[in-house]
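Just model.tsv here, TSV, C-alpha atoms:
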```
chain	number	residue	atom	x	y	z
Q	30	MET	CA	46.89	15.73	-83.70
Q	31	LYS	CA	43.33	16.99	-83.75
Q	32	LYS	CA	41.27	16.33	-80.67
Q	33	GLU	CA	38.28	15.29	-82.81
Q	34	GLY	CA	40.47	12.72	-84.54
Q	35	PHE	CA	41.24	10.73	-81.41
Q	36	HIS	CA	40.06	7.19	-82.07
Q	37	PRO	CA	39.51	4.43	-79.48
Q	38	LEU	CA	42.15	2.36	-81.30
Q	39	ALA	CA	44.64	4.99	-80.16
Q	40	TYR	CA	44.53	3.28	-76.77
Q	41	LEU	CA	46.48	0.45	-78.39
Q	42	GLY	CA	49.17	3.02	-79.12
Q	43	PHE	CA	49.14	4.16	-75.48
Q	44	PHE	CA	49.36	0.52	-74.34
Q	45	GLY	CA	52.21	-0.21	-76.74
Q	46	ALA	CA	54.09	2.91	-75.66
Q	47	THR	CA	53.67	1.84	-72.04
Q	48	LEU	CA	55.12	-1.61	-72.74
Q	49	VAL	CA	58.04	-0.14	-74.70
Q	50	THR	CA	58.77	2.33	-71.90
Q	51	LEU	CA	58.55	-0.43	-69.30
Q	52	THR	CA	61.02	-2.57	-71.26
Q	53	LEU	CA	63.38	0.38	-71.70
Q	54	CYS	CA	63.29	1.16	-67.98
Q	55	VAL	CA	64.04	-2.46	-67.06
Q	56	CYS	CA	66.96	-2.58	-69.49
Q	57	ALA	CA	68.56	0.75	-68.52
Q	58	GLY	CA	70.38	1.46	-65.30
Q	59	SER	CA	73.84	1.34	-63.77
Q	60	VAL	CA	74.23	-1.94	-65.71
Q	61	ALA	CA	72.78	-1.76	-69.23
Q	62	LEU	CA	71.03	-4.93	-70.41
Q	63	PRO	CA	70.09	-5.92	-74.00
Q	64	PRO	CA	66.33	-5.59	-74.64
Q	65	LEU	CA	66.01	-9.05	-76.22
Q	66	ASP	CA	67.75	-10.70	-73.28
Q	67	THR	CA	65.51	-8.78	-70.89
Q	68	LEU	CA	62.35	-9.86	-72.70
Q	69	GLN	CA	63.61	-13.44	-72.78
Q	70	VAL	CA	64.22	-13.45	-69.01
Q	71	ILE	CA	60.76	-12.00	-68.32
Q	72	GLY	CA	59.14	-14.44	-70.73
Q	73	LYS	CA	60.79	-17.46	-69.11
Q	74	ALA	CA	59.79	-16.18	-65.68
Q	75	ILE	CA	56.15	-15.90	-66.79
Q	76	LEU	CA	56.28	-19.46	-68.16
Q	77	GLY	CA	57.95	-20.69	-64.97
Q	78	LEU	CA	61.09	-21.92	-66.73
Q	79	PRO	CA	64.30	-22.21	-64.65
Q	80	GLN	CA	67.10	-19.70	-65.34
Q	81	GLU	CA	70.26	-18.50	-63.65
Q	82	GLY	CA	72.74	-15.65	-63.87
Q	83	ALA	CA	73.46	-12.19	-62.52
Q	84	ASN	CA	71.28	-10.52	-65.15
Q	85	VAL	CA	68.33	-12.68	-64.15
Q	86	ALA	CA	68.63	-11.52	-60.54
Q	87	ILE	CA	68.97	-7.88	-61.58
Q	88	ILE	CA	65.90	-8.04	-63.82
Q	89	LEU	CA	63.54	-10.16	-61.74
Q	90	SER	CA	64.54	-9.19	-58.20
Q	91	VAL	CA	65.42	-5.51	-58.55
Q	92	ARG	CA	64.30	-3.73	-61.71
Q	93	LEU	CA	61.05	-5.40	-62.76
Q	94	PRO	CA	59.23	-5.07	-59.42
Q	95	ARG	CA	60.42	-1.48	-59.12
Q	96	VAL	CA	59.35	-0.49	-62.63
Q	97	LEU	CA	55.97	-2.16	-62.14
Q	98	CYS	CA	55.44	-0.18	-58.94
Q	99	VAL	CA	56.54	3.02	-60.66
Q	100	ALA	CA	54.12	2.44	-63.56
Q	101	LEU	CA	51.18	1.64	-61.28
Q	102	THR	CA	51.92	4.61	-59.02
Q	103	GLY	CA	52.12	6.95	-62.00
Q	104	ALA	CA	48.86	5.58	-63.41
Q	105	ALA	CA	47.07	5.97	-60.08
Q	106	LEU	CA	48.32	9.49	-59.33
Q	107	ALA	CA	47.56	10.70	-62.87
Q	108	LEU	CA	44.04	9.28	-62.75
Q	109	CYS	CA	43.41	10.94	-59.38
Q	110	GLY	CA	44.62	14.25	-60.76
Q	111	GLY	CA	42.46	13.92	-63.85
Q	112	VAL	CA	39.24	13.25	-61.95
Q	113	MET	CA	39.93	15.99	-59.40
Q	114	GLN	CA	40.53	18.55	-62.15
Q	115	GLY	CA	37.30	17.50	-63.84
Q	116	LEU	CA	35.30	17.39	-60.63
Q	117	LEU	CA	36.46	20.76	-59.33
Q	118	ARG	CA	36.79	22.38	-62.78
Q	119	ASN	CA	40.21	23.71	-61.85
Q	120	PRO	CA	43.45	23.00	-63.78
Q	121	LEU	CA	45.47	23.19	-60.54
Q	122	ALA	CA	43.48	20.55	-58.69
Q	123	ASP	CA	45.17	17.32	-57.62
Q	124	GLY	CA	46.00	15.48	-54.42
Q	125	SER	CA	48.77	17.92	-53.55
Q	126	THR	CA	46.80	21.13	-53.95
Q	127	LEU	CA	43.83	19.68	-52.05
Q	128	GLY	CA	46.00	18.73	-49.07
Q	129	VAL	CA	45.15	15.02	-49.35
Q	130	SER	CA	48.73	14.02	-50.23
Q	131	ALA	CA	50.03	16.08	-47.32
Q	132	GLY	CA	47.66	14.29	-44.95
Q	133	ALA	CA	48.74	10.90	-46.30
Q	134	SER	CA	52.39	11.90	-45.88
Q	135	LEU	CA	51.77	12.96	-42.28
Q	136	GLY	CA	50.17	9.61	-41.47
Q	137	ALA	CA	53.03	7.71	-43.09
Q	138	VAL	CA	55.71	9.80	-41.34
Q	139	ILE	CA	54.05	9.17	-37.98
Q	140	ALA	CA	54.06	5.42	-38.74
Q	141	ILE	CA	57.76	5.55	-39.67
Q	142	ALA	CA	58.70	7.66	-36.65
Q	143	LEU	CA	56.81	5.41	-34.21
Q	144	SER	CA	57.71	2.15	-36.03
Q	145	ILE	CA	54.05	1.21	-36.42
Q	146	SER	CA	53.78	-2.09	-38.26
Q	147	PHE	CA	51.67	-5.22	-38.71
Q	148	PRO	CA	53.15	-8.72	-38.97
Q	149	PHE	CA	51.02	-9.86	-41.93
Q	150	LEU	CA	52.22	-7.35	-44.53
Q	151	GLN	CA	55.35	-5.31	-45.00
Q	152	LEU	CA	54.63	-1.57	-44.89
Q	153	ALA	CA	51.07	-2.32	-43.68
Q	154	GLY	CA	51.41	0.09	-40.77
Q	155	THR	CA	52.62	2.87	-43.03
Q	156	MET	CA	49.87	2.13	-45.53
Q	157	VAL	CA	47.08	2.12	-42.95
Q	158	MET	CA	48.32	5.36	-41.43
Q	159	ALA	CA	48.75	6.99	-44.87
Q	160	ILE	CA	45.24	6.02	-45.98
Q	161	GLY	CA	43.88	7.14	-42.61
Q	162	GLY	CA	45.71	10.46	-42.93
Q	163	ALA	CA	44.33	10.99	-46.43
Q	164	ILE	CA	40.73	10.18	-45.42
Q	165	LEU	CA	40.96	12.28	-42.25
Q	166	SER	CA	42.39	15.19	-44.23
Q	167	LEU	CA	39.55	14.93	-46.74
Q	168	ALA	CA	37.01	14.91	-43.90
Q	169	VAL	CA	38.59	18.00	-42.32
Q	170	ILE	CA	38.74	19.86	-45.64
Q	171	LEU	CA	35.12	19.03	-46.53
Q	172	SER	CA	33.90	19.89	-43.01
Q	173	LEU	CA	35.61	23.28	-43.05
Q	174	SER	CA	34.36	23.90	-46.58
Q	175	TYR	CA	30.81	23.05	-45.49
Q	176	LYS	CA	31.00	25.48	-42.59
Q	177	LEU	CA	32.18	28.26	-44.88
Q	178	ASP	CA	30.03	27.40	-47.87
Q	179	ARG	CA	27.15	24.95	-47.44
Q	180	SER	CA	27.04	24.28	-51.18
Q	181	PHE	CA	30.57	22.76	-51.18
Q	182	SER	CA	31.83	25.31	-53.69
Q	183	THR	CA	34.85	24.07	-55.63
Q	184	HIS	CA	36.72	27.31	-54.99
Q	185	THR	CA	36.18	26.94	-51.25
Q	186	ILE	CA	37.37	23.31	-51.27
Q	187	ILE	CA	40.55	24.20	-53.15
Q	188	LEU	CA	41.26	27.22	-50.92
Q	189	ILE	CA	40.79	25.17	-47.74
Q	190	GLY	CA	42.90	22.37	-49.25
Q	191	ILE	CA	45.81	24.69	-49.98
Q	192	ILE	CA	45.69	26.20	-46.48
Q	193	TYR	CA	45.41	22.75	-44.90
Q	194	GLY	CA	48.34	21.47	-46.97
Q	195	MET	CA	50.52	24.33	-45.75
Q	196	PHE	CA	49.51	23.59	-42.16
Q	197	ILE	CA	50.37	19.89	-42.52
Q	198	SER	CA	53.72	20.80	-44.11
Q	199	GLY	CA	54.53	22.75	-40.98
Q	200	ILE	CA	53.70	19.75	-38.80
Q	201	LEU	CA	55.84	17.51	-41.03
Q	202	SER	CA	58.78	19.88	-40.67
Q	203	LEU	CA	58.33	19.79	-36.90
Q	204	LEU	CA	58.28	15.98	-36.86
Q	205	ILE	CA	61.39	15.84	-39.04
Q	206	ALA	CA	63.17	18.22	-36.65
Q	207	PHE	CA	62.56	15.76	-33.79
Q	208	ALA	CA	62.98	12.56	-35.83
Q	209	GLY	CA	66.34	11.72	-34.25
Q	210	GLU	CA	67.93	8.58	-35.68
Q	211	LYS	CA	65.14	8.19	-38.26
Q	212	LEU	CA	65.77	11.63	-39.74
Q	213	ARG	CA	67.56	10.28	-42.82
Q	214	THR	CA	64.85	7.70	-43.54
Q	215	ILE	CA	62.00	10.16	-43.19
Q	216	THR	CA	63.74	12.92	-45.15
Q	217	TYR	CA	64.54	10.60	-48.07
Q	218	TRP	CA	61.01	9.18	-47.99
Q	219	THR	CA	59.41	12.64	-48.16
Q	220	MET	CA	61.33	13.28	-51.40
Q	221	GLY	CA	59.77	10.20	-52.99
Q	222	SER	CA	61.46	6.94	-53.93
Q	223	LEU	CA	60.37	3.51	-55.13
Q	224	GLN	CA	63.77	1.94	-54.56
Q	225	GLY	CA	63.47	-1.52	-53.05
Q	226	SER	CA	59.87	-2.04	-54.23
Q	227	THR	CA	58.60	-5.61	-54.25
Q	228	TYR	CA	56.06	-7.64	-56.18
Q	229	THR	CA	53.85	-7.47	-53.08
Q	230	ASN	CA	53.88	-3.68	-53.33
Q	231	ALA	CA	53.00	-3.94	-57.02
Q	232	LEU	CA	50.10	-6.30	-56.26
Q	233	VAL	CA	48.73	-3.93	-53.60
Q	234	LEU	CA	48.96	-1.01	-56.02
Q	235	LEU	CA	47.28	-3.02	-58.78
Q	236	ILE	CA	44.39	-4.10	-56.55
Q	237	ALA	CA	43.88	-0.54	-55.27
Q	238	LEU	CA	44.01	0.85	-58.82
Q	239	ILE	CA	41.50	-1.70	-60.11
Q	240	ILE	CA	39.02	-1.13	-57.27
Q	241	PHE	CA	39.15	2.63	-56.78
Q	242	GLY	CA	40.20	3.44	-60.33
Q	243	THR	CA	37.12	1.63	-61.64
Q	244	VAL	CA	34.90	3.69	-59.35
Q	245	MET	CA	36.34	6.88	-60.85
Q	246	LEU	CA	36.38	5.68	-64.47
Q	247	LEU	CA	32.71	4.65	-64.30
Q	248	GLN	CA	31.78	8.24	-63.47
Q	249	ALA	CA	33.37	9.81	-66.54
Q	250	GLN	CA	29.97	10.85	-67.92
Q	251	GLU	CA	29.12	12.61	-64.65
Q	252	LEU	CA	32.45	14.44	-64.81
Q	253	ASN	CA	31.54	15.65	-68.30
Q	254	ALA	CA	28.40	17.16	-66.79
Q	255	PHE	CA	30.46	18.78	-64.02
Q	256	SER	CA	32.71	20.43	-66.62
Q	257	VAL	CA	29.85	22.75	-67.62
Q	258	GLY	CA	28.97	23.52	-64.01
Q	259	GLU	CA	27.36	21.98	-60.95
Q	260	SER	CA	23.96	23.48	-61.83
Q	261	ASN	CA	24.15	21.79	-65.23
Q	262	ALA	CA	25.08	18.48	-63.58
Q	263	ARG	CA	22.03	18.74	-61.32
Q	264	SER	CA	19.78	19.65	-64.23
Q	265	VAL	CA	20.69	16.44	-66.09
Q	266	GLY	CA	20.03	14.30	-63.02
Q	267	VAL	CA	23.51	13.90	-61.51
Q	268	ASN	CA	23.57	13.40	-57.76
Q	269	VAL	CA	26.27	16.03	-57.23
Q	270	ARG	CA	27.00	15.29	-53.59
Q	271	ARG	CA	27.19	11.52	-54.06
Q	272	VAL	CA	29.45	11.77	-57.12
Q	273	ARG	CA	31.73	14.30	-55.44
Q	274	LEU	CA	32.11	12.23	-52.27
Q	275	SER	CA	32.63	8.90	-54.06
Q	276	ILE	CA	35.31	10.39	-56.34
Q	277	LEU	CA	37.11	12.28	-53.57
Q	278	ILE	CA	37.09	9.27	-51.21
Q	279	SER	CA	38.29	6.89	-53.95
Q	280	ALA	CA	41.04	9.30	-54.99
Q	281	SER	CA	42.09	9.86	-51.36
Q	282	VAL	CA	42.42	6.14	-50.64
Q	283	LEU	CA	44.36	5.58	-53.86
Q	284	ILE	CA	46.70	8.49	-53.09
Q	285	GLY	CA	47.20	7.11	-49.58
Q	286	VAL	CA	48.27	3.73	-50.97
Q	287	CYS	CA	50.69	5.39	-53.41
Q	288	VAL	CA	52.19	7.62	-50.73
Q	289	SER	CA	52.69	4.72	-48.32
Q	290	ILE	CA	54.73	2.81	-50.93
Q	291	GLY	CA	56.53	5.54	-52.88
Q	292	GLY	CA	56.57	8.53	-50.57
Q	293	SER	CA	55.62	12.04	-51.61
Q	294	ILE	CA	55.71	12.30	-55.43
Q	295	GLY	CA	54.39	15.56	-56.82
Q	296	PHE	CA	53.31	16.92	-60.20
Q	297	VAL	CA	52.28	13.55	-61.71
Q	298	GLY	CA	48.58	14.16	-61.11
Q	299	LEU	CA	48.91	17.82	-62.02
Q	300	VAL	CA	50.86	17.61	-65.29
Q	301	THR	CA	49.85	14.32	-66.93
Q	302	PRO	CA	46.13	15.09	-67.46
Q	303	HIS	CA	47.07	18.37	-69.18
Q	304	ILE	CA	49.48	16.60	-71.54
Q	305	VAL	CA	46.99	13.85	-72.38
Q	306	ARG	CA	44.16	16.37	-72.82
Q	307	LEU	CA	46.09	17.87	-75.73
Q	308	LEU	CA	45.69	14.50	-77.51
Q	309	THR	CA	42.25	13.31	-76.44
Q	310	GLY	CA	40.32	16.50	-75.83
Q	311	PRO	CA	38.26	17.25	-72.69
Q	312	ASN	CA	35.84	14.29	-72.91
Q	313	HIS	CA	36.52	12.34	-69.71
Q	314	LYS	CA	35.43	9.06	-71.31
Q	315	LYS	CA	38.50	9.35	-73.54
Q	316	LEU	CA	40.72	11.40	-71.25
Q	317	LEU	CA	40.72	9.28	-68.09
Q	318	PRO	CA	41.71	5.89	-69.63
Q	319	ALA	CA	44.45	7.61	-71.64
Q	320	THR	CA	45.62	9.42	-68.50
Q	321	VAL	CA	46.22	6.06	-66.80
Q	322	PHE	CA	48.71	5.11	-69.53
Q	323	GLY	CA	50.16	8.62	-69.68
Q	324	GLY	CA	50.82	8.68	-65.95
Q	325	ALA	CA	52.56	5.31	-66.08
Q	326	ILE	CA	54.80	6.46	-68.95
Q	327	PHE	CA	55.58	9.82	-67.36
Q	328	LEU	CA	56.62	8.41	-63.99
Q	329	MET	CA	58.61	5.54	-65.52
Q	330	LEU	CA	60.63	8.03	-67.56
Q	331	CYS	CA	61.16	10.22	-64.49
Q	332	ASP	CA	62.30	7.19	-62.50
Q	333	LEU	CA	64.67	6.23	-65.32
Q	334	ALA	CA	66.12	9.74	-65.27
Q	335	ALA	CA	66.51	9.54	-61.49
Q	336	ARG	CA	68.52	6.32	-61.88
Q	337	VAL	CA	70.83	7.27	-64.75
Q	338	ILE	CA	71.45	11.05	-64.70
Q	339	VAL	CA	74.13	10.94	-62.01
Q	340	ARG	CA	74.72	7.20	-61.78
Q	341	PRO	CA	75.72	5.32	-59.76
Q	342	VAL	CA	74.11	7.85	-57.38
Q	343	GLU	CA	70.31	7.71	-57.47
Q	344	LEU	CA	68.14	10.82	-57.20
Q	345	PRO	CA	64.80	10.77	-55.35
Q	346	ILE	CA	62.08	10.41	-57.94
Q	347	GLY	CA	60.03	13.18	-56.33
Q	348	VAL	CA	62.84	15.64	-57.07
Q	349	VAL	CA	62.85	14.67	-60.76
Q	350	THR	CA	59.06	14.87	-61.13
Q	351	SER	CA	59.06	18.30	-59.51
Q	352	LEU	CA	61.81	19.63	-61.79
Q	353	ILE	CA	60.37	18.18	-64.99
Q	354	GLY	CA	56.75	18.74	-64.01
Q	355	ALA	CA	57.27	22.41	-63.17
Q	356	VAL	CA	58.86	23.09	-66.57
Q	357	VAL	CA	56.27	21.11	-68.53
Q	358	PHE	CA	53.35	22.65	-66.67
Q	359	THR	CA	54.72	26.17	-67.25
Q	360	VAL	CA	55.05	25.47	-70.98
Q	361	ILE	CA	51.47	24.16	-71.13
Q	362	LEU	CA	50.12	27.21	-69.33
Q	363	LEU	CA	52.05	29.58	-71.60
Q	364	ARG	CA	50.81	27.78	-74.73
Q	365	GLY	CA	47.26	27.87	-73.41
Q	366	ARG	CA	47.47	31.58	-72.64
Q	367	LYS	CA	48.99	32.29	-76.07
Q	368	GLY	CA	46.26	30.29	-77.79
Q	369	THR	CA	43.58	32.20	-75.85
Q	370	ALA	CA	45.15	35.51	-76.79
Q	371	HIS	CA	45.17	34.62	-80.52
Q	372	ALA	CA	41.56	33.44	-80.29
```
Would you mind writing the structure in this file as structure tokens?
Amino acid sequence: MKKEGFHPLAYLGFFGATLVTLTLCVCAGSVALPPLDTLQVIGKAILGLPQEGANVAIILSVRLPRVLCVALTGAALALCGGVMQGLLRNPLADGSTLGVSAGASLGAVIAIALSISFPFLQLAGTMVMAIGGAILSLAVILSLSYKLDRSFSTHTIILIGIIYGMFISGILSLLIAFAGEKLRTITYWTMGSLQGSTYTNALVLLIALIIFGTVMLLQAQELNAFSVGESNARSVGVNVRRVRLSILISASVLIGVCVSIGGSIGFVGLVTPHIVRLLTGPNHKKLLPATVFGGAIFLMLCDLAARVIVRPVELPIGVVTSLIGAVVFTVILLRGRKGTAHA
């Protein structure tokens, strides 16, 4: 597909592919369910019609809320990766390489280890600590970057982020070593899993994606200016500092929400924008909306693989995304290098 040939109507194709993937993921599992029956159960539930049976419980109480959370998490992480790569003009930029995900994970692990919770919302303590960890990490990274380079150079931010992420990983390993009876819970959580997700989790993810995702999507034109360079962005009237801070803060909060619900899930924000860019081209006005759908599809397929590869045993989704993401990203880099060489 030619990049110039990408038409806005192609988003209908992305939306349709997302719905098909969602239906497939609800149907498949340790117990396979017919697609028509699955759609009928979901349709009756939307209309509020009464229904009974084991399949109804499996679909509405177990699989549908989980798949919704997986799709929303994938969409959020992919969008965050896409805007960070555009903002910092680096193909390796995402929440993981910037240390934001590590900070969110540290906050969540502390909440789990100390049993921090709030009575009004399940996982609220973990979520607050994860978001706080992500924001604090961003503040530390930007502060250190400012001390080293007062212009907030993208290379400096990424370098500090990688070093900070390694430091936080060491602290996480130390906490896990002294986790005691919560060792199993924390270890499994750090590998990423959306098992046991609820409709409340899905609603929280949806609200966070709408609020902070909109902030990032509305700045697609500014990201296009950044792609040529910060000096170019300034020359066309972009408030570089404001745009950078608003995008980084929005992405950090969104990553914190995702980490608090699904644990540490890598490679989604790194790989998905590269795959989608092959279809849409580099224009962020086209790339970012498509990345939202692409991230949802990618993570739903990874979650499906985690559930069925060695069933009835379930793999942590973070393990699957790392294995698949590493291979896909390597292939993309090799193709890019080969194309550059031929050019």
Nearest to Leu299 in chain Q by atom-to-atom distance, counting only C-alpha atoms, from Q:Val129, Q:Cys109, Q:Leu65, Q:Ile88: Q:Cys109
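Closest approach to Ser226 in chain Q among Q:Leu93, Q:Leu238, Q:Leu165, Q:Leu135: Q:Leu93, based on only C-alpha atoms.
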Counting all atoms listed in the file, the option among Q:Ile284, Q:Ala168, Q:Ile294, Q:Leu173 closest to Thr219 in chain Q: Q:Ile294
Closest pair table for range 312-362 of chain Q residues within 9 Å of range 245-263 of chain Q, all atoms listed in the file, as JSON lines:
```
{"residue": "Q:Asn312", "atom": "CA", "partner": "Q:Asn253", "partner_atom": "CA", "distance": 6.4}
{"residue": "Q:His313", "atom": "CA", "partner": "Q:Ala249", "partner_atom": "CA", "distance": 5.1}
{"residue": "Q:Lys314", "atom": "CA", "partner": "Q:Ala249", "partner_atom": "CA", "distance": 5.2}
{"residue": "Q:Lys315", "atom": "CA", "partner": "Q:Ala249", "partner_atom": "CA", "distance": 8.7}
{"residue": "Q:Leu316", "atom": "CA", "partner": "Q:Ala249", "partner_atom": "CA", "distance": 8.9}
{"residue": "Q:Leu317", "atom": "CA", "partner": "Q:Leu246", "partner_atom": "CA", "distance": 6.7}
{"residue": "Q:Pro318", "atom": "CA", "partner": "Q:Leu246", "partner_atom": "CA", "distance": 7.4}
```
Near-Met158 in chain Q list (8 Å; all atoms listed in the file; drop same-chain fewer than 5 positions) as a PyMOL selection string: chain Q and resi 133+136-137+139-140
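Reported to one decimal place, the separation of CA of Val96 in chain Q from CA of Thr126 in chain Q is 26.5 Å.
Counting from CA of Gly298 in chain Q, the distance to CA of Val360 in chain Q is 16.3 Å.
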Point-to-point distance in Å for CA of Ser279 in chain Q and CA of Ile240 in chain Q: 8.7 Å
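Residue nearest Gly324 in chain Q within the list Q:Ala208, Q:Leu101, Q:Val272, Q:Ile170: Q:Leu101 [criterion: smallest interatomic distance, only C-alpha atoms].
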Counting all atoms listed in the file, the residue of Q:Ile215, Q:Leu203, Q:Val85, Q:Cys331 that sits nearest Asp66 in chain Q: Q:Val85
Nearest to Ile326 in chain Q by atom-to-atom distance, counting only C-alpha atoms, from Q:Asn119, Q:Thr301, Q:Ser59, Q:Ser125: Q:Thr301
Ser182 in chain Q surroundings by only C-alpha atoms, 12 Å radius, close-in-sequence under 4 positions cut, as a VMD selection string: chain Q and resid 116 to 119 170 to 171 173 to 178 186 to 189 258 to 260 269 to 270 273
Can you tell me, as a short mmCIF file (atom, residue, chain, number, x, y, z; two decimals) with C-alpha atoms, keeping the file's coordinate frame, which residues sit within 8 Å of (47.4, 6.9, -56.4) in the file's frame, using only C-alpha atoms?
```cif
data_model
loop_
_atom_site.label_atom_id
_atom_site.label_comp_id
_atom_site.auth_asym_id
_atom_site.auth_seq_id
_atom_site.Cartn_x
_atom_site.Cartn_y
_atom_site.Cartn_z
CA THR Q 102 51.92 4.61 -59.02
CA GLY Q 103 52.12 6.95 -62.00
CA ALA Q 104 48.86 5.58 -63.41
CA ALA Q 105 47.07 5.97 -60.08
CA LEU Q 106 48.32 9.49 -59.33
CA ALA Q 107 47.56 10.70 -62.87
CA LEU Q 108 44.04 9.28 -62.75
CA CYS Q 109 43.41 10.94 -59.38
CA LEU Q 238 44.01 0.85 -58.82
CA ALA Q 280 41.04 9.30 -54.99
CA SER Q 281 42.09 9.86 -51.36
CA VAL Q 282 42.42 6.14 -50.64
CA LEU Q 283 44.36 5.58 -53.86
CA ILE Q 284 46.70 8.49 -53.09
CA GLY Q 285 47.20 7.11 -49.58
CA VAL Q 286 48.27 3.73 -50.97
CA CYS Q 287 50.69 5.39 -53.41
CA VAL Q 288 52.19 7.62 -50.73
#
```
Can you tell me, as an mmCIF file with C-alpha atoms, in the frame of the given file, which residues sit within 10 Å of (50.9, 20.6, -46.6) in the file's frame, using only C-alpha atoms?
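Contents of the output file point-v2.cif:
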```
data_model
loop_
_atom_site.group_PDB
_atom_site.id
_atom_site.type_symbol
_atom_site.label_atom_id
_atom_site.label_comp_id
_atom_site.auth_asym_id
_atom_site.auth_seq_id
_atom_site.Cartn_x
_atom_site.Cartn_y
_atom_site.Cartn_z
ATOM 1 C CA SER Q 125 48.770 17.920 -53.550
ATOM 2 C CA THR Q 126 46.800 21.130 -53.950
ATOM 3 C CA LEU Q 127 43.830 19.680 -52.050
ATOM 4 C CA GLY Q 128 46.000 18.730 -49.070
ATOM 5 C CA VAL Q 129 45.150 15.020 -49.350
ATOM 6 C CA SER Q 130 48.730 14.020 -50.230
ATOM 7 C CA ALA Q 131 50.030 16.080 -47.320
ATOM 8 C CA GLY Q 132 47.660 14.290 -44.950
ATOM 9 C CA ALA Q 133 48.740 10.900 -46.300
ATOM 10 C CA SER Q 134 52.390 11.900 -45.880
ATOM 11 C CA LEU Q 135 51.770 12.960 -42.280
ATOM 12 C CA GLY Q 190 42.900 22.370 -49.250
ATOM 13 C CA ILE Q 191 45.810 24.690 -49.980
ATOM 14 C CA ILE Q 192 45.690 26.200 -46.480
ATOM 15 C CA TYR Q 193 45.410 22.750 -44.900
ATOM 16 C CA GLY Q 194 48.340 21.470 -46.970
ATOM 17 C CA MET Q 195 50.520 24.330 -45.750
ATOM 18 C CA PHE Q 196 49.510 23.590 -42.160
ATOM 19 C CA ILE Q 197 50.370 19.890 -42.520
ATOM 20 C CA SER Q 198 53.720 20.800 -44.110
ATOM 21 C CA GLY Q 199 54.530 22.750 -40.980
ATOM 22 C CA ILE Q 200 53.700 19.750 -38.800
ATOM 23 C CA LEU Q 201 55.840 17.510 -41.030
ATOM 24 C CA SER Q 202 58.780 19.880 -40.670
#
```
All residues 12 Å or closer to Leu41 in chain Q, only C-alpha atoms, same chain fewer than 6 positions away omitted, as a list in words: Phe35, Thr47, Leu48, Pro318, Ala319 and Phe322 of chain Q
All residues 10 Å or closer to Pro79 in chain Q, all atoms listed in the file, same chain fewer than 4 positions away omitted, as a PyMOL selection string: chain Q and resi 70+73-74
Please provide as a PDB file with C-alpha atoms, in the frame of the given file all residues within 8 Å of Ala231 in chain Q, with the sequence filter that same-chain residues fewer than 4 positions apart are discarded (counting all atoms listed in the file).
```pdb
ATOM      1  CA  PRO Q  94      59.230  -5.070 -59.420  1.00  0.00           C
ATOM      2  CA  LEU Q  97      55.970  -2.160 -62.140  1.00  0.00           C
ATOM      3  CA  CYS Q  98      55.440  -0.180 -58.940  1.00  0.00           C
ATOM      4  CA  LEU Q 101      51.180   1.640 -61.280  1.00  0.00           C
ATOM      5  CA  SER Q 226      59.870  -2.040 -54.230  1.00  0.00           C
ATOM      6  CA  THR Q 227      58.600  -5.610 -54.250  1.00  0.00           C
ATOM      7  CA  LEU Q 235      47.280  -3.020 -58.780  1.00  0.00           C
TER       8      LEU Q 235
END
```
Show me, as JSON, the centre and edge lengths in Å to one decimal of the axis-aligned box that covers every listed atom of range 101-114 of chain Q with 4 Å on each side.
```
{"center_x": 45.7, "center_y": 10.1, "center_z": -61.4, "size_x": 20.9, "size_y": 24.9, "size_z": 12.8}
```
